[in-house]
Every structure is written in structure tokens, then in C-alpha cells.
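Worksheet: the structure to be examined is printed underneath.
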Amino acid sequence: MNRPLSQELLARDLTRLAYVAKDGTPRSIPISFSWNGAEVVMCTTKNSAKLAALRANPMVALTIDTEVHPPKILLIRGRAELDYVDGIPDEYLEMNGSYEITPEQRVEWEAEIRSLYADGMVRIVVTPTWAKLIDFETTLPSAVEELVQRRAQAESAQANA
């Protein structure tokens, strides 16, 4: 999590939050987030369907990645803690701060958010219990690493035959 590339990914706007819905099927949704150095914080409405699912099964996975080739991917697993708050959490205003928006649009957006979420929001806080960085240059998915090792062993065996 402390590698420069991990920190770069943790500074992005969106993650994909994977959880198990109440009907037992998997869900993966894009959601804004912020990283505070120890936790991934996402915010949602108090009436969001994902809250009941997260109360029933708080284990989640997050994916933060790039849209270029080769992709840079940060995979995170952890347990979601739900924090009901009055008003708009600072993280919500911060995590939506990097979109291209004029100062005037920002004022209008904030006024709309404060009006819409007048009864508060819920912070979904995930402390990572496992993380893996994949950059396809120095790190690979485990299954691909295994294939690379097998190929190297086969080539070595052929060279020694």
C-alpha cells in the first residue's frame, strides 16, 4: 500500500466495490472513495440497498485500476464498517473534488448535495486486511506468475536435454 504506484492508485476517484447482496448474488459497483492513509472511505445514502447487504456480510473487495495498457491494478480486501453521520461527510466533498468542474458549478453541486442528503449519509469504511498491486511489469496476477515459472522450467529442461 505504501509503494508509489499504490499511492497513485489510491489518489484516484473511483473504486469498484464488490460485496454479496442480500439475495446471495455478487455485486460490483463503481463508487467514489478517498484514502486517509489507513482506510478507504466511501459514502452513500442512508436508504441504499447495499447497507443491508453490508450489515449481513461486511466482507468486501475493492479494485482500483487504470484505463491504459498495461493496466495498473490495486486489489484490496477488508471488512466494511458502517458509520451513520449527520450532514455530508468531509470525505464525500473531498472525493468528488477532482472532477472537471468550474467553481460556479462546484457551488451549485454542493448546494444540491446538501439539500438532497439533508438527513445525512453513511460512511463505508474499509481497513485493508489484504492488498495486491499488479502492474504487469514487476508484478503479475498469481496464475500468470505460475505460467511464467512453468515456461521457464520447461525452457530450462529443454536446454539441458
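Within each chain, counting starts at residue 1; across the C-alpha cells, chains are named A, B, ... in the order shown, with ligands numbered 1 upward in that order.
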Counting only C-alpha atoms, what is within 6 Å of A:Tyr19, bar same-chain residues fewer than 6 positions away, as a VMD selection string?
-> chain A and resid 26 to 27 60
Output N, CA and C atoms for every residue in that selection, as an mmCIF file, in the first residue's frame.
```cif
data_model
loop_
_atom_site.group_PDB
_atom_site.id
_atom_site.type_symbol
_atom_site.label_atom_id
_atom_site.label_comp_id
_atom_site.auth_asym_id
_atom_site.auth_seq_id
_atom_site.Cartn_x
_atom_site.Cartn_y
_atom_site.Cartn_z
ATOM 1 N N PRO A 26 -23.429 -11.901 -6.166
ATOM 2 C CA PRO A 26 -22.381 -10.885 -6.052
ATOM 3 C C PRO A 26 -22.793 -9.574 -6.724
ATOM 4 N N ARG A 27 -22.269 -8.497 -6.203
ATOM 5 C CA ARG A 27 -22.444 -7.174 -6.791
ATOM 6 C C ARG A 27 -21.075 -6.517 -6.878
ATOM 7 N N VAL A 60 -15.695 -7.349 1.983
ATOM 8 C CA VAL A 60 -15.739 -6.701 0.674
ATOM 9 C C VAL A 60 -14.400 -6.834 -0.039
#
```
Would you return as an MDAnalysis selection string the members of stretch 11-130 of chain A that DSSP assigns to strand (DSSP E or B) on this structure's backbone?
-> chainID A and resid 14:20 26:32 34:35 40:45 59:65 73:85 121:130
Could you write those residues out with C-alpha atoms, as a PDB file, in the first residue's frame?
```
ATOM      1  CA  LEU A  14     -13.338   5.616  -8.328  1.00  0.00           C
ATOM      2  CA  THR A  15     -13.066   2.118  -6.989  1.00  0.00           C
ATOM      3  CA  ARG A  16     -15.184  -0.909  -7.694  1.00  0.00           C
ATOM      4  CA  LEU A  17     -16.786  -2.198  -4.510  1.00  0.00           C
ATOM      5  CA  ALA A  18     -17.643  -5.906  -4.547  1.00  0.00           C
ATOM      6  CA  TYR A  19     -19.968  -7.353  -1.935  1.00  0.00           C
ATOM      7  CA  VAL A  20     -22.606 -10.063  -1.546  1.00  0.00           C
ATOM      8  CA  PRO A  26     -22.381 -10.885  -6.052  1.00  0.00           C
ATOM      9  CA  ARG A  27     -22.444  -7.174  -6.791  1.00  0.00           C
ATOM     10  CA  SER A  28     -19.673  -4.939  -8.070  1.00  0.00           C
ATOM     11  CA  ILE A  29     -20.390  -1.229  -8.259  1.00  0.00           C
ATOM     12  CA  PRO A  30     -18.321   1.822  -9.117  1.00  0.00           C
ATOM     13  CA  ILE A  31     -18.204   4.231  -6.179  1.00  0.00           C
ATOM     14  CA  SER A  32     -16.218   7.324  -5.271  1.00  0.00           C
ATOM     15  CA  SER A  34     -10.969   8.592  -0.534  1.00  0.00           C
ATOM     16  CA  TRP A  35      -7.894   7.138   1.157  1.00  0.00           C
ATOM     17  CA  VAL A  40     -10.710   3.509   2.229  1.00  0.00           C
ATOM     18  CA  VAL A  41     -13.782   5.671   2.838  1.00  0.00           C
ATOM     19  CA  MET A  42     -16.840   5.607   0.580  1.00  0.00           C
ATOM     20  CA  CYS A  43     -20.120   7.417   1.222  1.00  0.00           C
ATOM     21  CA  THR A  44     -23.689   6.524   0.331  1.00  0.00           C
ATOM     22  CA  THR A  45     -27.281   7.424   1.076  1.00  0.00           C
ATOM     23  CA  MET A  59     -16.564  -8.680   3.826  1.00  0.00           C
ATOM     24  CA  VAL A  60     -15.739  -6.701   0.674  1.00  0.00           C
ATOM     25  CA  ALA A  61     -13.226  -6.443  -2.133  1.00  0.00           C
ATOM     26  CA  LEU A  62     -12.126  -3.275  -3.904  1.00  0.00           C
ATOM     27  CA  THR A  63     -10.483  -2.805  -7.281  1.00  0.00           C
ATOM     28  CA  ILE A  64      -8.795   0.454  -8.253  1.00  0.00           C
ATOM     29  CA  ASP A  65      -7.337   0.444 -11.750  1.00  0.00           C
ATOM     30  CA  ILE A  73      -4.419  -2.567 -10.603  1.00  0.00           C
ATOM     31  CA  LEU A  74      -4.688  -2.388  -6.844  1.00  0.00           C
ATOM     32  CA  LEU A  75      -6.758  -5.159  -5.273  1.00  0.00           C
ATOM     33  CA  ILE A  76      -7.889  -4.721  -1.671  1.00  0.00           C
ATOM     34  CA  ARG A  77      -9.877  -6.921   0.682  1.00  0.00           C
ATOM     35  CA  GLY A  78     -11.298  -5.972   4.038  1.00  0.00           C
ATOM     36  CA  ARG A  79     -14.294  -5.591   6.292  1.00  0.00           C
ATOM     37  CA  ALA A  80     -16.763  -2.734   5.818  1.00  0.00           C
ATOM     38  CA  GLU A  81     -17.707  -0.737   8.894  1.00  0.00           C
ATOM     39  CA  LEU A  82     -20.784   1.474   8.584  1.00  0.00           C
ATOM     40  CA  ASP A  83     -20.718   4.922  10.151  1.00  0.00           C
ATOM     41  CA  TYR A  84     -24.019   6.830  10.026  1.00  0.00           C
ATOM     42  CA  VAL A  85     -23.401  10.593  10.096  1.00  0.00           C
ATOM     43  CA  MET A 121     -25.132   9.890   4.812  1.00  0.00           C
ATOM     44  CA  VAL A 122     -23.337   6.679   5.676  1.00  0.00           C
ATOM     45  CA  ARG A 123     -19.568   6.331   5.556  1.00  0.00           C
ATOM     46  CA  ILE A 124     -18.477   2.854   4.416  1.00  0.00           C
ATOM     47  CA  VAL A 125     -15.033   2.457   5.954  1.00  0.00           C
ATOM     48  CA  VAL A 126     -12.741  -0.384   4.867  1.00  0.00           C
ATOM     49  CA  THR A 127      -9.450  -1.084   6.608  1.00  0.00           C
ATOM     50  CA  PRO A 128      -7.423  -3.252   4.227  1.00  0.00           C
ATOM     51  CA  THR A 129      -6.621  -6.732   5.512  1.00  0.00           C
ATOM     52  CA  TRP A 130      -5.024  -7.833   2.220  1.00  0.00           C
TER      53      TRP A 130
END
```
Between atom CA of A:Leu140 and atom CA of A:Val68, measure the distance and give it in Å to one decimal.
-> 15.8 Å
Looking at A:Arg150, A:Lys132, A:Lys46, A:Ile101, which one is nearest to A:Ala118, with distances taken over only C-alpha atoms?
->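 Using only C-alpha atoms, the shortest distance to A:Ala118 belongs to A:Lys46.
The residue that comes closest to A:Leu5, out of A:Pro71, A:Gly87, A:Pro141, A:Gly120 and on the basis of only C-alpha atoms, is A:Pro71.
Of the residues in stretch 8-105 of chain A, those given alpha helix (DSSP H) by DSSP on the backbone are A:Glu8, A:Leu9, A:Leu10, A:Ala49, A:Lys50, A:Leu51, A:Ala52, A:Ala53, A:Leu54, A:Arg55, A:Ala56, A:Asp90, A:Glu91, A:Tyr92, A:Leu93, A:Glu94, A:Met95, A:Pro103, A:Glu104, A:Gln105.
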Interatomic distance (Å, one decimal) between atom CA of A:Leu133 and atom CA of A:Glu146 = 16.5 Å
Residue among A:Gly24, A:Pro58, A:Gly37, A:Pro70 lying closest to A:Phe136, counting only C-alpha atoms |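 With only C-alpha atoms as the atom set, the closest residue is A:Pro70.
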Choose the residue, out of A:Ala38, A:Leu93, A:Leu10, A:Ala52, that has the smallest atom-to-atom separation from A:Thr66; count only C-alpha atoms.
->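 Closest residue, counting only C-alpha atoms: A:Leu10.
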When you draw a straight line from atom CA of A:Asp135 to atom CA of A:Glu91, how long is it in Å?
->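 Computing it gives 27.6 Å between the two atoms.
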